[in-house]
$ cat protein37.tsv   # TSV, C-alpha atoms and all ligand atoms
chain	number	residue	atom	x	y	z
Y	1	MET	CA	0.00	0.00	0.00
Y	2	ASN	CA	1.17	3.51	-0.75
Y	3	PRO	CA	2.32	4.89	2.66
Y	4	LEU	CA	0.41	8.10	1.90
Y	5	MET	CA	-2.72	5.97	2.04
Y	6	ALA	CA	-2.06	4.37	5.47
Y	7	PRO	CA	-5.28	4.58	7.50
Y	8	PHE	CA	-5.60	7.60	9.80
Y	9	ALA	CA	-6.93	7.06	13.34
Y	10	ALA	CA	-9.81	9.50	12.98
Y	11	ASP	CA	-11.88	10.65	15.95
Y	12	ALA	CA	-15.13	8.68	15.77
Y	13	ARG	CA	-17.15	11.38	17.54
Y	14	CYS	CA	-17.48	13.50	14.41
Y	15	ALA	CA	-17.38	12.01	10.92
Y	16	LEU	CA	-15.86	13.85	7.98
Y	17	SER	CA	-18.00	13.47	4.86
Y	18	VAL	CA	-16.22	14.88	1.83
Y	19	ASN	CA	-18.44	16.72	-0.66
Y	20	VAL	CA	-17.10	16.03	-4.16
Y	21	ASN	CA	-19.32	18.53	-6.06
Y	22	LYS	CA	-16.37	20.70	-7.02
Y	23	VAL	CA	-14.44	17.80	-8.56
Y	24	ALA	CA	-17.40	17.35	-10.91
Y	25	LEU	CA	-17.50	21.08	-11.62
Y	26	LEU	CA	-13.91	20.95	-12.95
Y	27	ARG	CA	-14.54	17.69	-14.79
Y	28	ASN	CA	-17.54	19.20	-16.57
Y	29	THR	CA	-15.45	21.88	-18.29
Y	30	ARG	CA	-14.13	19.27	-20.77
Y	31	HIS	CA	-15.42	15.99	-22.21
Y	32	LEU	CA	-12.42	13.97	-20.99
Y	33	GLY	CA	-13.72	12.60	-17.71
Y	34	ILE	CA	-10.92	14.16	-15.66
Y	35	PRO	CA	-10.65	14.79	-12.80
Y	36	SER	CA	-12.59	11.66	-11.91
Y	37	VAL	CA	-15.27	12.08	-9.26
Y	38	LEU	CA	-15.11	8.38	-8.42
Y	39	ARG	CA	-11.34	8.43	-8.01
Y	40	ALA	CA	-11.57	11.53	-5.83
Y	41	ALA	CA	-14.09	9.83	-3.57
Y	42	GLU	CA	-11.97	6.70	-3.40
Y	43	LEU	CA	-8.80	8.62	-2.49
Y	44	CYS	CA	-10.65	10.54	0.24
Y	45	LEU	CA	-12.03	7.31	1.70
Y	46	LEU	CA	-8.59	5.68	1.51
Y	47	ALA	CA	-7.19	8.63	3.45
Y	48	GLY	CA	-9.73	8.11	6.24
Y	49	ALA	CA	-12.82	10.16	5.36
Y	50	GLN	CA	-15.87	8.50	6.89
Y	51	GLY	CA	-18.31	9.55	4.20
Y	52	ILE	CA	-18.96	11.05	0.80
Y	53	THR	CA	-21.51	13.79	0.17
Y	54	VAL	CA	-22.98	15.04	-3.10
Y	55	HIS	CA	-25.50	17.76	-3.80
Y	56	PRO	CA	-26.72	17.07	-7.34
Y	57	ARG	CA	-28.46	20.22	-8.51
Y	58	PRO	CA	-31.30	19.99	-11.07
Y	59	ASP	CA	-29.20	21.75	-13.76
Y	60	GLU	CA	-26.36	19.20	-13.27
Y	61	ARG	CA	-23.80	22.01	-13.22
Y	62	HIS	CA	-21.50	19.76	-11.20
Y	63	ILE	CA	-22.65	16.36	-9.90
Y	64	ARG	CA	-24.82	14.51	-12.43
Y	65	ALA	CA	-27.37	11.82	-11.70
Y	66	SER	CA	-24.96	9.35	-13.36
Y	67	ASP	CA	-22.24	10.33	-10.83
Y	68	VAL	CA	-24.63	9.65	-7.96
Y	69	HIS	CA	-25.38	6.17	-9.33
Y	70	GLU	CA	-21.67	5.40	-9.80
Y	71	LEU	CA	-20.79	6.69	-6.34
Y	72	ALA	CA	-23.56	4.56	-4.81
Y	73	GLN	CA	-21.91	1.52	-6.42
Y	74	LEU	CA	-18.48	2.55	-5.13
Y	75	MET	CA	-19.80	3.04	-1.61
Y	76	LYS	CA	-20.81	-0.63	-1.51
Y	77	GLN	CA	-17.07	-1.37	-1.32
Y	78	TRP	CA	-16.80	0.88	1.78
Y	79	PRO	CA	-19.23	-0.61	4.33
Y	80	GLN	CA	-17.97	1.59	7.18
Y	81	ALA	CA	-18.45	4.81	5.22
Y	82	GLU	CA	-21.70	6.68	4.63
Y	83	PHE	CA	-23.18	8.12	1.46
Y	84	ASN	CA	-25.06	11.39	1.95
Y	85	ILE	CA	-27.15	12.84	-0.88
Y	86	GLU	CA	-28.29	16.43	-0.45
Y	87	GLY	CA	-30.95	18.30	-2.34
Y	88	ASN	CA	-34.48	19.61	-2.43
Y	89	PRO	CA	-36.92	16.69	-2.03
Y	90	THR	CA	-39.50	18.52	-4.16
Y	91	HIS	CA	-37.00	18.65	-7.09
Y	92	ASN	CA	-34.57	15.85	-7.97
Y	93	LEU	CA	-33.64	14.31	-4.62
Y	94	MET	CA	-36.39	11.77	-4.00
Y	95	GLU	CA	-35.90	9.88	-7.28
Y	96	LEU	CA	-32.27	9.26	-6.33
Y	97	VAL	CA	-33.19	8.32	-2.77
Y	98	ARG	CA	-35.84	5.86	-3.93
Y	99	THR	CA	-33.46	4.15	-6.35
Y	100	LEU	CA	-30.21	4.25	-4.42
Y	101	ARG	CA	-31.20	4.33	-0.74
Y	102	PRO	CA	-28.17	6.21	0.58
Y	103	HIS	CA	-27.39	6.19	4.30
Y	104	GLN	CA	-28.60	9.75	4.61
Y	105	ALA	CA	-30.68	12.22	2.64
Y	106	THR	CA	-30.17	15.86	3.57
Y	107	PHE	CA	-33.18	17.97	2.62
Y	108	VAL	CA	-32.12	21.47	1.51
Y	109	PRO	CA	-34.68	24.19	0.60
Y	110	ASP	CA	-32.78	25.42	-2.48
Y	111	SER	CA	-34.52	26.84	-5.54
Y	112	VAL	CA	-33.83	25.15	-8.90
Y	113	GLU	CA	-31.08	27.55	-9.97
Y	114	GLN	CA	-29.73	28.42	-6.54
Y	115	PHE	CA	-26.12	29.70	-6.74
Y	116	THR	CA	-25.27	27.79	-3.58
Y	117	SER	CA	-27.23	26.89	-0.44
Y	118	ASP	CA	-27.79	29.97	1.70
Y	119	HIS	CA	-30.59	29.20	4.17
Y	120	GLY	CA	-32.34	26.44	6.03
Y	121	TRP	CA	-35.97	25.28	6.10
Y	122	ASN	CA	-38.62	27.56	7.51
Y	123	LEU	CA	-40.31	25.50	10.22
Y	124	PRO	CA	-43.07	24.96	11.03
Y	125	GLN	CA	-44.18	26.64	7.73
Y	126	ASP	CA	-42.53	24.08	5.38
Y	127	GLY	CA	-43.54	21.15	7.58
Y	128	ALA	CA	-46.65	19.94	5.74
Y	129	ARG	CA	-44.67	19.47	2.49
Y	130	LEU	CA	-41.79	17.76	4.24
Y	131	ALA	CA	-43.54	15.34	6.59
Y	132	PRO	CA	-44.65	12.71	4.00
Y	133	LEU	CA	-41.25	12.82	2.27
Y	134	ILE	CA	-39.44	12.36	5.56
Y	135	ALA	CA	-41.72	9.42	6.37
Y	136	GLU	CA	-41.05	7.87	2.97
Y	137	CYS	CA	-37.27	8.11	3.38
Y	138	ARG	CA	-37.41	6.59	6.82
Y	139	GLN	CA	-39.54	3.74	5.49
Y	140	LEU	CA	-36.85	3.14	2.88
Y	141	GLY	CA	-34.27	2.96	5.67
Y	142	VAL	CA	-32.74	6.31	4.76
Y	143	ARG	CA	-31.85	8.70	7.59
Y	144	VAL	CA	-33.19	12.22	7.07
Y	145	SER	CA	-31.32	15.37	8.00
Y	146	LEU	CA	-32.90	18.82	7.56
Y	147	PHE	CA	-30.67	21.74	6.57
Y	148	MET	CA	-31.42	24.41	9.18
Y	149	ASP	CA	-30.34	27.85	10.26
Y	150	ALA	CA	-29.02	28.00	13.81
Y	151	LEU	CA	-32.39	28.77	15.39
Y	152	PRO	CA	-32.91	26.90	18.68
Y	153	GLU	CA	-36.69	27.38	18.58
Y	154	ALA	CA	-36.98	25.56	15.21
Y	155	MET	CA	-35.44	22.31	16.43
Y	156	VAL	CA	-38.52	21.02	18.19
Y	157	HIS	CA	-40.43	21.39	14.89
Y	158	ALA	CA	-37.77	19.41	13.00
Y	159	ALA	CA	-38.12	16.61	15.55
Y	160	ALA	CA	-41.92	16.69	15.36
Y	161	LEU	CA	-41.72	16.11	11.58
Y	162	GLY	CA	-39.87	12.85	12.19
Y	163	ALA	CA	-36.42	13.97	11.01
Y	164	ASP	CA	-33.45	12.09	12.45
Y	165	ARG	CA	-30.95	14.92	12.34
Y	166	VAL	CA	-30.49	18.54	11.43
Y	167	GLU	CA	-27.57	19.95	9.48
Y	168	LEU	CA	-26.69	23.38	10.85
Y	169	TYR	CA	-25.96	25.82	8.01
Y	170	THR	CA	-22.55	27.15	9.00
Y	171	GLU	CA	-21.87	29.94	6.50
Y	172	PRO	CA	-22.77	32.73	8.99
Y	173	TYR	CA	-20.30	31.22	11.48
Y	174	ALA	CA	-17.62	30.84	8.78
Y	175	ALA	CA	-18.09	34.46	7.72
Y	176	ALA	CA	-17.71	35.62	11.33
Y	177	HIS	CA	-14.70	33.43	12.14
Y	178	GLY	CA	-11.70	35.44	13.30
Y	179	GLY	CA	-13.76	38.61	13.70
Y	180	PRO	CA	-15.53	40.41	16.54
Y	181	THR	CA	-18.78	38.41	16.21
Y	182	GLN	CA	-17.25	34.94	16.23
Y	183	ALA	CA	-18.12	34.28	19.88
Y	184	VAL	CA	-21.72	35.47	19.39
Y	185	GLN	CA	-22.10	33.20	16.38
Y	186	LEU	CA	-20.63	30.21	18.19
Y	187	ALA	CA	-23.04	30.78	21.08
Y	188	ARG	CA	-25.95	30.72	18.57
Y	189	TYR	CA	-24.79	27.44	17.08
Y	190	ALA	CA	-24.16	25.90	20.51
Y	191	ALA	CA	-27.70	26.86	21.59
Y	192	ALA	CA	-29.18	25.44	18.38
Y	193	ALA	CA	-27.24	22.18	18.79
Y	194	GLN	CA	-28.31	21.90	22.43
Y	195	ALA	CA	-31.95	22.45	21.43
Y	196	ALA	CA	-31.63	19.80	18.70
Y	197	LEU	CA	-30.08	17.29	21.08
Y	198	ALA	CA	-32.76	18.02	23.70
Y	199	ALA	CA	-35.43	17.36	21.04
Y	200	GLY	CA	-33.86	13.97	20.30
Y	201	LEU	CA	-32.19	14.97	17.01
Y	202	GLY	CA	-28.68	14.24	15.83
Y	203	VAL	CA	-26.59	17.20	14.72
Y	204	ASN	CA	-24.63	17.60	11.47
Y	205	ALA	CA	-23.02	20.79	10.20
Y	206	GLY	CA	-21.77	22.19	6.94
Y	207	HIS	CA	-21.17	24.98	4.49
Y	208	ASP	CA	-17.92	26.91	4.21
Y	209	LEU	CA	-16.23	24.95	6.97
Y	210	ASN	CA	-12.48	24.85	6.42
Y	211	ARG	CA	-9.16	24.02	8.06
Y	212	ALA	CA	-9.06	27.39	9.82
Y	213	ASN	CA	-12.55	27.40	11.34
Y	214	LEU	CA	-13.41	23.72	11.92
Y	215	THR	CA	-11.69	23.04	15.26
Y	216	ASP	CA	-13.12	26.17	16.91
Y	217	PHE	CA	-16.59	25.18	15.74
Y	218	LEU	CA	-16.42	21.64	17.11
Y	219	ARG	CA	-14.95	22.83	20.42
Y	220	ALA	CA	-17.89	25.18	20.95
Y	221	VAL	CA	-20.82	23.26	19.50
Y	222	PRO	CA	-21.82	20.08	21.35
Y	223	GLY	CA	-22.67	16.73	19.82
Y	224	VAL	CA	-21.83	17.32	16.13
Y	225	GLN	CA	-21.88	13.86	14.54
Y	226	GLU	CA	-20.89	14.76	10.97
Y	227	VAL	CA	-19.39	17.65	9.07
Y	228	SER	CA	-19.76	17.69	5.29
Y	229	ILE	CA	-17.06	19.76	3.65
Y	230	GLY	CA	-16.51	20.37	-0.04
Y	231	HIS	CA	-15.51	23.71	-1.45
Y	232	ALA	CA	-12.55	24.48	0.84
Y	233	LEU	CA	-11.42	20.87	1.07
Y	234	ILE	CA	-11.28	20.34	-2.68
Y	235	ALA	CA	-9.50	23.71	-3.07
Y	236	ASP	CA	-6.94	22.57	-0.46
Y	237	ALA	CA	-6.56	19.27	-2.30
Y	238	LEU	CA	-5.49	21.10	-5.45
Y	239	GLU	CA	-2.45	22.26	-3.48
Y	240	LEU	CA	-1.85	19.39	-1.09
Y	241	GLY	CA	-3.42	16.32	-2.72
Y	242	TYR	CA	-6.48	14.47	-1.44
Y	243	ALA	CA	-4.69	12.28	1.12
Y	244	GLU	CA	-2.80	15.05	2.94
Y	245	THR	CA	-5.84	17.31	2.84
Y	246	VAL	CA	-8.28	14.74	4.24
Y	247	ARG	CA	-5.82	13.92	7.00
Y	248	ASP	CA	-5.42	17.57	7.88
Y	249	TYR	CA	-9.19	17.93	8.26
Y	250	LEU	CA	-9.28	14.75	10.38
Y	251	ARG	CA	-6.56	16.33	12.56
Y	252	CYS	CA	-8.70	19.48	12.93
Y	253	ILE	CA	-11.55	17.26	14.17
Y	254	GLN	CA	-9.22	15.36	16.54
Y	255	ASN	CA	-7.85	18.61	17.97
Y	256	ALA	CA	-11.37	19.74	18.85
Y	257	TYR	CA	-11.66	16.90	21.38
Y	258	ARG	CA	-8.16	17.25	22.91
Y	259	PRO	CA	-7.85	19.05	26.28
Y	260	GLN	CA	-6.87	22.67	25.65
M	301	LIG	C1	-26.23	22.15	1.67
M	301	LIG	C2	-24.89	22.72	1.48
M	301	LIG	O1	-24.48	23.62	2.16
M	301	LIG	C3	-24.00	22.17	0.44
M	301	LIG	O2	-24.56	21.15	-0.27
M	301	LIG	C4	-23.58	23.21	-0.48
M	301	LIG	O3	-24.72	23.90	-0.87
M	301	LIG	C5	-22.83	22.69	-1.66
M	301	LIG	O4	-23.45	23.06	-2.86
M	301	LIG	P1	-22.60	23.70	-4.04
M	301	LIG	O5	-21.38	22.83	-4.16
M	301	LIG	O6	-23.50	23.62	-5.21
M	301	LIG	O7	-22.25	25.09	-3.62
M	302	LIG	N1	-23.53	20.20	3.46
M	302	LIG	C1	-22.43	21.05	3.20
M	302	LIG	C2	-21.56	20.47	2.18
M	302	LIG	O1	-21.78	19.36	1.73
M	302	LIG	C3	-20.39	21.18	1.68
M	302	LIG	O2	-20.49	22.56	1.73
M	302	LIG	P1	-19.18	23.39	1.27
M	302	LIG	O3	-18.03	22.92	2.13
M	302	LIG	O4	-18.95	23.07	-0.17
M	302	LIG	O5	-19.53	24.82	1.54

$ encode --input "protein37.tsv" --output "structure tokens" --more "lines below"
Ligand SMILES: CC(=O)[C@@H](O)[C@H](O)COP(=O)(O)O
Ligand SMILES: NCC(=O)COP(=O)(O)O
Amino acid sequence: MNPLMAPFAADARCALSVNVNKVALLRNTRHLGIPSVLRAAELCLLAGAQGITVHPRPDERHIRASDVHELAQLMKQWPQAEFNIEGNPTHNLMELVRTLRPHQATFVPDSVEQFTSDHGWNLPQDGARLAPLIAECRQLGVRVSLFMDALPEAMVHAAALGADRVELYTEPYAAAHGGPTQAVQLARYAAAAQAALAAGLGVNAGHDLNRANLTDFLRAVPGVQEVSIGHALIADALELGYAETVRDYLRCIQNAYRPQ
């Protein structure tokens, strides 16, 4: 085995799920099939990532439905790792979930041509549309996570809909990191996570997390079971390679649980 690929003793408390959207974005600028989304996922898993995330958008600007099918096949070779498919369940997500039954479906309230995700569900307002789709996923054996702003009062509504987890939308924290409002933001996320845990939900987090802001986030926010990271991680990998980059993110997670 290539020594660069030796397994990394990752902290099991918080899984790193690598979002490979941006590999597909680069691939789609030619008709050559490079860089390979499948190979990227495989290299990240070999380096110790505990999951792969994709967010196939309806316009297929990056991840295509065919990528999701191929990745689902690949994931069968990685029984300890999880496959997380994100998207709007009223657009293209449910068809993929019904066919492929990933470990987790993350419901995101994006419009069809959304530039990137920038808000969570509005609960209880969106609840009536979501409840039957959540129930269907759970019947299929697929865990449901709802993409949510860090609003403690909304967590009880997410639990009442039957969701298993929430994914806290972390862009506002990432934007505040290193500035005067970082502590205020972290307190908001900690309160939202506590409310989610108290309501019986698991807690995921993602959007604009990176090597600079990840450890501080996990130190402050209790019970985060999974972070899904794509944009910054794939950008880092262009400089460092997938293996070194994934390991560096796993180190950031480990450091969060070390005594300070
Ligand atoms: C829900 C979420 O935060 C991510 O899925 C993010 O939206 C990635 O999507 P893009 O890669 O299209 O920006
Ligand atoms: N759910 C968030 C995700 O998958 C990746 O978001 P980003 O790191 O690309 O911002």

$ residues_near_ligand --input "protein37.tsv" --ligand "ligand LIG 302 (chain M)" --cutoff "9 Å" --atoms "all atoms listed in the file" --output "PyMOL selection string"
chain Y and resi 17-22+52-55+84-86+106+108+116-117+147+167-171+204-210+227-234

$ closest_residue --input "protein37.tsv" --among "Y:Ala49, Y:Met148, Y:Leu218, Y:Leu161" --to "Y:Ala128" --atoms "only C-alpha atoms"
Y:Leu161

$ closest_residue --input "protein37.tsv" --among "Y:Phe8, Y:Tyr242, Y:Trp78, Y:Phe107" --to "ligand LIG 301 (chain M)" --atoms "all atoms listed in the file"
Y:Phe107

$ closest_residue --input "protein37.tsv" --among "Y:Gln114, Y:Asn92, Y:Gln104, Y:Gln80" --to "ligand LIG 301 (chain M)" --atoms "only C-alpha atoms and all ligand atoms"
Y:Gln114

$ atom_distance --input "protein37.tsv" --atom1 "atom CA of Y:Pro180" --atom2 "atom CA of Y:Pro152"
22.1 Å

$ atom_distance --input "protein37.tsv" --atom1 "atom CA of Y:Ala9" --atom2 "atom CA of Y:Ala220"
22.5 Å

$ atom_distance --input "protein37.tsv" --atom1 "atom CA of Y:Arg57" --atom2 "atom CA of Y:Glu113"
7.9 Å

$ decode --input "protein37.tsv" --residues "stretch 11-131 of chain Y" --atoms "C-alpha atoms" --output "PDB file, in the first residue's frame"
ATOM      1  CA  ASP Y  11     -11.880  10.646  15.945  1.00  0.00           C
ATOM      2  CA  ALA Y  12     -15.131   8.679  15.767  1.00  0.00           C
ATOM      3  CA  ARG Y  13     -17.147  11.382  17.538  1.00  0.00           C
ATOM      4  CA  CYS Y  14     -17.483  13.496  14.410  1.00  0.00           C
ATOM      5  CA  ALA Y  15     -17.378  12.013  10.925  1.00  0.00           C
ATOM      6  CA  LEU Y  16     -15.856  13.854   7.977  1.00  0.00           C
ATOM      7  CA  SER Y  17     -18.000  13.475   4.857  1.00  0.00           C
ATOM      8  CA  VAL Y  18     -16.217  14.879   1.825  1.00  0.00           C
ATOM      9  CA  ASN Y  19     -18.442  16.717  -0.658  1.00  0.00           C
ATOM     10  CA  VAL Y  20     -17.098  16.034  -4.163  1.00  0.00           C
ATOM     11  CA  ASN Y  21     -19.319  18.528  -6.058  1.00  0.00           C
ATOM     12  CA  LYS Y  22     -16.372  20.697  -7.018  1.00  0.00           C
ATOM     13  CA  VAL Y  23     -14.436  17.802  -8.558  1.00  0.00           C
ATOM     14  CA  ALA Y  24     -17.405  17.349 -10.905  1.00  0.00           C
ATOM     15  CA  LEU Y  25     -17.504  21.077 -11.621  1.00  0.00           C
ATOM     16  CA  LEU Y  26     -13.915  20.955 -12.946  1.00  0.00           C
ATOM     17  CA  ARG Y  27     -14.540  17.686 -14.788  1.00  0.00           C
ATOM     18  CA  ASN Y  28     -17.542  19.201 -16.568  1.00  0.00           C
ATOM     19  CA  THR Y  29     -15.452  21.878 -18.286  1.00  0.00           C
ATOM     20  CA  ARG Y  30     -14.128  19.269 -20.771  1.00  0.00           C
ATOM     21  CA  HIS Y  31     -15.418  15.992 -22.210  1.00  0.00           C
ATOM     22  CA  LEU Y  32     -12.421  13.972 -20.988  1.00  0.00           C
ATOM     23  CA  GLY Y  33     -13.724  12.600 -17.707  1.00  0.00           C
ATOM     24  CA  ILE Y  34     -10.916  14.163 -15.656  1.00  0.00           C
ATOM     25  CA  PRO Y  35     -10.653  14.789 -12.796  1.00  0.00           C
ATOM     26  CA  SER Y  36     -12.592  11.656 -11.913  1.00  0.00           C
ATOM     27  CA  VAL Y  37     -15.272  12.076  -9.265  1.00  0.00           C
ATOM     28  CA  LEU Y  38     -15.109   8.383  -8.421  1.00  0.00           C
ATOM     29  CA  ARG Y  39     -11.337   8.432  -8.012  1.00  0.00           C
ATOM     30  CA  ALA Y  40     -11.568  11.533  -5.827  1.00  0.00           C
ATOM     31  CA  ALA Y  41     -14.094   9.829  -3.572  1.00  0.00           C
ATOM     32  CA  GLU Y  42     -11.971   6.698  -3.405  1.00  0.00           C
ATOM     33  CA  LEU Y  43      -8.800   8.625  -2.494  1.00  0.00           C
ATOM     34  CA  CYS Y  44     -10.646  10.544   0.236  1.00  0.00           C
ATOM     35  CA  LEU Y  45     -12.029   7.311   1.700  1.00  0.00           C
ATOM     36  CA  LEU Y  46      -8.587   5.679   1.514  1.00  0.00           C
ATOM     37  CA  ALA Y  47      -7.186   8.627   3.451  1.00  0.00           C
ATOM     38  CA  GLY Y  48      -9.734   8.107   6.236  1.00  0.00           C
ATOM     39  CA  ALA Y  49     -12.818  10.155   5.357  1.00  0.00           C
ATOM     40  CA  GLN Y  50     -15.872   8.499   6.885  1.00  0.00           C
ATOM     41  CA  GLY Y  51     -18.315   9.548   4.204  1.00  0.00           C
ATOM     42  CA  ILE Y  52     -18.963  11.047   0.802  1.00  0.00           C
ATOM     43  CA  THR Y  53     -21.514  13.791   0.174  1.00  0.00           C
ATOM     44  CA  VAL Y  54     -22.975  15.042  -3.097  1.00  0.00           C
ATOM     45  CA  HIS Y  55     -25.498  17.758  -3.796  1.00  0.00           C
ATOM     46  CA  PRO Y  56     -26.724  17.067  -7.344  1.00  0.00           C
ATOM     47  CA  ARG Y  57     -28.463  20.224  -8.508  1.00  0.00           C
ATOM     48  CA  PRO Y  58     -31.301  19.994 -11.066  1.00  0.00           C
ATOM     49  CA  ASP Y  59     -29.199  21.751 -13.762  1.00  0.00           C
ATOM     50  CA  GLU Y  60     -26.361  19.196 -13.269  1.00  0.00           C
ATOM     51  CA  ARG Y  61     -23.798  22.008 -13.224  1.00  0.00           C
ATOM     52  CA  HIS Y  62     -21.504  19.762 -11.196  1.00  0.00           C
ATOM     53  CA  ILE Y  63     -22.650  16.359  -9.902  1.00  0.00           C
ATOM     54  CA  ARG Y  64     -24.819  14.514 -12.432  1.00  0.00           C
ATOM     55  CA  ALA Y  65     -27.371  11.817 -11.702  1.00  0.00           C
ATOM     56  CA  SER Y  66     -24.965   9.352 -13.362  1.00  0.00           C
ATOM     57  CA  ASP Y  67     -22.245  10.329 -10.828  1.00  0.00           C
ATOM     58  CA  VAL Y  68     -24.626   9.652  -7.961  1.00  0.00           C
ATOM     59  CA  HIS Y  69     -25.380   6.171  -9.333  1.00  0.00           C
ATOM     60  CA  GLU Y  70     -21.672   5.403  -9.803  1.00  0.00           C
ATOM     61  CA  LEU Y  71     -20.788   6.686  -6.345  1.00  0.00           C
ATOM     62  CA  ALA Y  72     -23.557   4.564  -4.808  1.00  0.00           C
ATOM     63  CA  GLN Y  73     -21.910   1.521  -6.419  1.00  0.00           C
ATOM     64  CA  LEU Y  74     -18.475   2.554  -5.131  1.00  0.00           C
ATOM     65  CA  MET Y  75     -19.804   3.038  -1.610  1.00  0.00           C
ATOM     66  CA  LYS Y  76     -20.811  -0.630  -1.509  1.00  0.00           C
ATOM     67  CA  GLN Y  77     -17.072  -1.369  -1.317  1.00  0.00           C
ATOM     68  CA  TRP Y  78     -16.796   0.881   1.780  1.00  0.00           C
ATOM     69  CA  PRO Y  79     -19.225  -0.608   4.326  1.00  0.00           C
ATOM     70  CA  GLN Y  80     -17.966   1.591   7.181  1.00  0.00           C
ATOM     71  CA  ALA Y  81     -18.452   4.810   5.221  1.00  0.00           C
ATOM     72  CA  GLU Y  82     -21.697   6.678   4.627  1.00  0.00           C
ATOM     73  CA  PHE Y  83     -23.175   8.122   1.464  1.00  0.00           C
ATOM     74  CA  ASN Y  84     -25.064  11.388   1.949  1.00  0.00           C
ATOM     75  CA  ILE Y  85     -27.147  12.841  -0.879  1.00  0.00           C
ATOM     76  CA  GLU Y  86     -28.293  16.432  -0.454  1.00  0.00           C
ATOM     77  CA  GLY Y  87     -30.954  18.303  -2.341  1.00  0.00           C
ATOM     78  CA  ASN Y  88     -34.481  19.607  -2.433  1.00  0.00           C
ATOM     79  CA  PRO Y  89     -36.924  16.685  -2.032  1.00  0.00           C
ATOM     80  CA  THR Y  90     -39.500  18.516  -4.159  1.00  0.00           C
ATOM     81  CA  HIS Y  91     -37.003  18.652  -7.086  1.00  0.00           C
ATOM     82  CA  ASN Y  92     -34.567  15.854  -7.968  1.00  0.00           C
ATOM     83  CA  LEU Y  93     -33.641  14.312  -4.620  1.00  0.00           C
ATOM     84  CA  MET Y  94     -36.394  11.767  -4.004  1.00  0.00           C
ATOM     85  CA  GLU Y  95     -35.899   9.878  -7.276  1.00  0.00           C
ATOM     86  CA  LEU Y  96     -32.269   9.257  -6.333  1.00  0.00           C
ATOM     87  CA  VAL Y  97     -33.185   8.320  -2.773  1.00  0.00           C
ATOM     88  CA  ARG Y  98     -35.842   5.857  -3.932  1.00  0.00           C
ATOM     89  CA  THR Y  99     -33.462   4.147  -6.354  1.00  0.00           C
ATOM     90  CA  LEU Y 100     -30.210   4.248  -4.420  1.00  0.00           C
ATOM     91  CA  ARG Y 101     -31.197   4.325  -0.741  1.00  0.00           C
ATOM     92  CA  PRO Y 102     -28.172   6.207   0.585  1.00  0.00           C
ATOM     93  CA  HIS Y 103     -27.390   6.185   4.299  1.00  0.00           C
ATOM     94  CA  GLN Y 104     -28.598   9.746   4.607  1.00  0.00           C
ATOM     95  CA  ALA Y 105     -30.682  12.221   2.644  1.00  0.00           C
ATOM     96  CA  THR Y 106     -30.171  15.858   3.570  1.00  0.00           C
ATOM     97  CA  PHE Y 107     -33.182  17.968   2.622  1.00  0.00           C
ATOM     98  CA  VAL Y 108     -32.123  21.466   1.514  1.00  0.00           C
ATOM     99  CA  PRO Y 109     -34.679  24.187   0.596  1.00  0.00           C
ATOM    100  CA  ASP Y 110     -32.781  25.422  -2.478  1.00  0.00           C
ATOM    101  CA  SER Y 111     -34.523  26.836  -5.540  1.00  0.00           C
ATOM    102  CA  VAL Y 112     -33.830  25.151  -8.898  1.00  0.00           C
ATOM    103  CA  GLU Y 113     -31.081  27.555  -9.974  1.00  0.00           C
ATOM    104  CA  GLN Y 114     -29.730  28.424  -6.536  1.00  0.00           C
ATOM    105  CA  PHE Y 115     -26.115  29.698  -6.738  1.00  0.00           C
ATOM    106  CA  THR Y 116     -25.270  27.786  -3.577  1.00  0.00           C
ATOM    107  CA  SER Y 117     -27.231  26.894  -0.443  1.00  0.00           C
ATOM    108  CA  ASP Y 118     -27.789  29.966   1.705  1.00  0.00           C
ATOM    109  CA  HIS Y 119     -30.595  29.204   4.173  1.00  0.00           C
ATOM    110  CA  GLY Y 120     -32.340  26.440   6.033  1.00  0.00           C
ATOM    111  CA  TRP Y 121     -35.972  25.282   6.102  1.00  0.00           C
ATOM    112  CA  ASN Y 122     -38.623  27.564   7.507  1.00  0.00           C
ATOM    113  CA  LEU Y 123     -40.306  25.501  10.220  1.00  0.00           C
ATOM    114  CA  PRO Y 124     -43.067  24.958  11.029  1.00  0.00           C
ATOM    115  CA  GLN Y 125     -44.177  26.640   7.729  1.00  0.00           C
ATOM    116  CA  ASP Y 126     -42.528  24.083   5.379  1.00  0.00           C
ATOM    117  CA  GLY Y 127     -43.536  21.152   7.580  1.00  0.00           C
ATOM    118  CA  ALA Y 128     -46.653  19.940   5.740  1.00  0.00           C
ATOM    119  CA  ARG Y 129     -44.670  19.475   2.487  1.00  0.00           C
ATOM    120  CA  LEU Y 130     -41.785  17.758   4.238  1.00  0.00           C
ATOM    121  CA  ALA Y 131     -43.545  15.340   6.591  1.00  0.00           C
TER     122      ALA Y 131
END
